[in-house]
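K.L.:
Just one file: input.txt, with compact mmCIF, C-alpha atoms.
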# COMPACT_ATOMS: atom_id res chain seq x y z
CA MET A 1 -10.57 18.39 37.98
CA THR A 2 -7.43 17.08 36.26
CA ALA A 3 -7.02 13.58 34.92
CA SER A 4 -4.69 11.37 36.92
CA LEU A 5 -1.41 10.33 35.40
CA PRO A 6 -1.15 6.75 34.19
CA LYS A 7 0.51 4.26 36.57
CA HIS A 8 2.73 2.98 33.76
CA ASP A 9 4.09 4.92 30.82
CA VAL A 10 4.26 3.64 27.25
CA PHE A 11 7.96 2.86 27.53
CA GLN A 12 7.47 0.69 30.63
CA ALA A 13 4.48 -1.02 29.08
CA ILE A 14 6.23 -2.08 25.88
CA ALA A 15 9.47 -3.06 27.63
CA ASP A 16 8.16 -6.58 28.17
CA PRO A 17 8.10 -8.92 25.14
CA THR A 18 4.84 -10.53 26.27
CA ARG A 19 3.11 -7.15 26.31
CA ARG A 20 4.46 -6.37 22.84
CA GLN A 21 2.98 -9.68 21.65
CA LEU A 22 -0.32 -8.76 23.28
CA LEU A 23 -0.39 -5.45 21.40
CA GLU A 24 0.31 -7.26 18.14
CA LEU A 25 -2.44 -9.78 18.85
CA LEU A 26 -4.94 -7.03 19.63
CA SER A 27 -3.98 -4.86 16.67
CA ASP A 28 -6.51 -6.52 14.34
CA GLN A 29 -9.43 -7.35 16.58
CA GLU A 30 -11.03 -7.06 19.97
CA MET A 31 -10.72 -10.19 22.13
CA PRO A 32 -11.78 -11.47 25.53
CA VAL A 33 -9.08 -12.50 28.00
CA THR A 34 -10.09 -16.16 27.65
CA VAL A 35 -9.20 -16.11 23.95
CA ILE A 36 -6.09 -13.98 24.49
CA SER A 37 -4.71 -16.29 27.19
CA GLY A 38 -4.96 -19.23 24.79
CA HIS A 39 -2.14 -17.65 22.76
CA PHE A 40 0.32 -17.62 25.67
CA PRO A 41 1.95 -20.33 27.79
CA MET A 42 0.87 -18.67 31.06
CA SER A 43 -2.18 -18.46 33.27
CA ARG A 44 -5.15 -16.25 32.54
CA THR A 45 -4.27 -14.29 35.68
CA ALA A 46 -0.78 -13.55 34.35
CA VAL A 47 -2.24 -12.40 31.02
CA SER A 48 -4.70 -10.19 32.91
CA LYS A 49 -1.84 -8.55 34.80
CA HIS A 50 -0.07 -7.75 31.52
CA LEU A 51 -3.32 -6.36 30.10
CA ARG A 52 -3.75 -4.20 33.20
CA ILE A 53 -0.29 -2.67 32.70
CA LEU A 54 -1.11 -1.97 29.04
CA ALA A 55 -4.45 -0.45 30.09
CA ASP A 56 -2.71 1.73 32.72
CA ALA A 57 -0.47 3.07 29.95
CA GLY A 58 -3.51 3.72 27.75
CA LEU A 59 -2.44 1.22 25.09
CA VAL A 60 -5.38 -1.12 25.61
CA LYS A 61 -9.04 -0.31 26.15
CA ASP A 62 -11.54 -2.69 27.64
CA ARG A 63 -15.30 -2.94 27.56
CA LYS A 64 -17.84 -5.22 29.15
CA VAL A 65 -19.98 -7.37 26.90
CA GLY A 66 -22.28 -9.36 29.16
CA ARG A 67 -20.06 -11.15 31.68
CA GLU A 68 -17.02 -10.88 29.41
CA THR A 69 -14.38 -8.15 29.26
CA ARG A 70 -13.04 -7.55 25.77
CA TYR A 71 -9.77 -5.81 25.01
CA ARG A 72 -8.63 -3.83 22.00
CA LEU A 73 -5.55 -1.86 21.04
CA ASP A 74 -5.57 1.90 21.36
CA PRO A 75 -2.53 3.02 19.32
CA GLU A 76 -2.77 6.72 20.25
CA PRO A 77 -0.19 6.55 23.10
CA LEU A 78 2.31 4.97 20.70
CA LEU A 79 2.67 8.42 19.12
CA GLU A 80 4.75 9.43 22.15
CA LEU A 81 7.11 6.57 21.38
CA LYS A 82 7.17 7.47 17.68
CA ARG A 83 8.09 11.09 18.45
CA TRP A 84 10.87 9.99 20.79
CA LEU A 85 12.31 7.58 18.23
CA ALA A 86 12.02 10.14 15.41
CA TYR A 87 14.55 12.35 17.18
CA TYR A 88 17.16 9.56 17.14
CA GLU A 89 16.32 8.40 13.64
CA ARG A 90 18.54 11.11 12.19
CA TYR A 91 21.56 9.40 13.71
CA TRP A 92 20.61 6.05 12.18
CA GLU A 93 19.94 7.66 8.81
CA ASN A 94 23.35 9.36 8.88
CA LYS A 95 25.13 6.09 9.66
CA LEU A 96 23.20 4.26 6.93
CA SER A 97 24.04 6.98 4.41
CA VAL A 98 27.74 6.70 5.21
CA LEU A 99 27.58 2.91 4.95
CA LYS A 100 25.75 3.12 1.63
CA HIS A 101 28.35 5.54 0.28
CA LEU A 102 31.19 3.24 1.38
CA VAL A 103 29.58 0.14 -0.10
CA GLU A 104 28.66 1.75 -3.40
CA SER A 105 31.92 3.61 -3.85
CA ASP A 106 34.20 2.28 -6.62
CA GLU A 107 37.26 4.04 -5.30
CA PRO A 108 39.14 2.77 -2.27
CA ASN A 109 38.52 5.15 0.57
CA SER A 110 41.49 5.95 2.79
CA ALA A 111 39.09 7.07 5.48
CA ALA A 112 37.37 3.70 5.50
CA PRO A 113 37.21 2.22 9.00
CA PHE A 114 38.76 -1.10 7.90
CA PRO A 115 41.57 -1.83 5.46
CA PRO A 116 40.63 -3.85 2.37
CA LEU A 117 40.72 -7.61 2.80
CA THR A 118 43.42 -9.65 1.12
CA VAL A 119 43.01 -13.30 0.37
CA ILE A 120 45.93 -15.49 1.37
CA GLU A 121 46.04 -18.93 -0.15
CA ARG A 122 47.19 -21.67 2.15
CA LYS A 123 49.50 -24.28 0.74
CA THR A 124 48.57 -27.81 1.57
CA THR A 125 51.22 -30.37 2.33
CA GLU A 126 50.81 -33.76 0.74
Will you turn the file into C-alpha cells for me?

P.N.:
Amino acid sequence: MTASLPKHDVFQAIADPTRRQLLELLSDQEMPVTVISGHFPMSRTAVSKHLRILADAGLVKDRKVGRETRYRLDPEPLLELKRWLAYYERYWENKLSVLKHLVESDEPNSAAPFPPLTVIERKTTE
C-alpha cells in the first residue's frame, strides 16, 4: 500500500505569511492551539485551518495530550525547498560576485552598468 500524497505541498504551505509565522513560533517548542492562537489577531478556528494546511504539507506534527492537541514543527519537508533554492543560489552568488568586484575595484570600469556620478553645484541667487 502506498502513502497518499499530501493535499498541500511545502511551497503552497509557506506561501502565506501567517503560516510562516506559525512555523517560526513552533520552531522552538510544542504548543497547543489555544496558546498559538493567542499570538495572532484571528480566531482559533482560523489558526487551526492554517495548522491543518501545514500538517497536510508535513511541516507540522500534532499529538494528543489529554483533551489538548499540541503542535510542533517538523523541518524535514523544508529540505525540498532548500534543494530547490540551492539550484538558483548560483545565480545570486554570481550577481553578488560581480557587484563586489565593481564596488571594490579602484579602476573605473567601462563595462560598468552606470556611468560615474558627477556632482553639480547649484548657484544660489541672493

K.L.:
Find the distance between atom CA of Ala55 of chain A and atom CA of Glu89 of chain A and write it in Å to one decimal.

P.N.:
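About the pair atom CA of Ala55 of chain A and atom CA of Glu89 of chain A: they are 27.9 Å apart.
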
K.L.:
Pick from A:Phe40, A:Trp92, A:Phe11, A:Trp84: nearest to Leu59 of chain A, with all atoms listed in the file counted?

P.N.:
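Looking at the shortest contact to Leu59 of chain A, the residue is A:Phe11.
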
K.L.:
Measure the distance from atom CA of Tyr91 of chain A to atom CA of Ile14 of chain A in Å and round it to one decimal.

P.N.:
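Pair atom CA of Tyr91 of chain A / atom CA of Ile14 of chain A returns 22.7 Å.
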
K.L.:
If you measure from atom CA of Gly58 of chain A to atom CA of Tyr88 of chain A, what distance in Å do you get, rounded to one decimal?

P.N.:
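Separating atom CA of Gly58 of chain A from atom CA of Tyr88 of chain A is a distance of 24.0 Å.
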
K.L.:
Considering only C-alpha atoms, can you say which of A:Arg70, A:Lys7, A:Ser43, A:Asp16 comes closest to Met31 of chain A?

P.N.:
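Among A:Arg70, A:Lys7, A:Ser43, A:Asp16, it is A:Arg70 that comes nearest to Met31 of chain A.
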
K.L.:
Of the residues A:His39, A:Glu30, A:Glu93, A:Pro77, which is the one nearest to Val65 of chain A, using all atoms listed in the file?

P.N.:
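Counting all atoms listed in the file, the residue closest to Val65 of chain A is A:Glu30.
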
K.L.:
Rank A:Val47, A:Val33, A:Ala86, A:Leu78 by their smallest atom-to-atom distance to Thr18 of chain A, using only C-alpha atoms, and report the top residue only.

P.N.:
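For Thr18 of chain A, the nearest of the candidates is A:Val47.
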
K.L.:
Go through A:His50, A:Arg44, A:Lys95, A:His8 one by one, measure the shortest atom-to-atom distance of each to Gln21 of chain A using all atoms listed in the file, and give the residue with the smallest value.

P.N.:
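Looking at the shortest contact to Gln21 of chain A, the residue is A:His50.
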
K.L.:
Excluding Ala46 of chain A and residues on its chain fewer than 4 positions from it, collect all residues at most 12 Å away from it, counting only C-alpha atoms, and give them as a list of chain:residue names.

P.N.:
A:Thr18, A:Arg19, A:Val33, A:Thr34, A:Ile36, A:Ser37, A:Gly38, A:Phe40, A:Pro41, A:Met42, A:His50, A:Leu51, A:Arg52, A:Ile53

K.L.:
Which one is closest to Asp62 of chain A: A:Glu104, A:Asp9, A:Asp74, A:Asp28? Count all atoms listed in the file.

P.N.:
A:Asp74
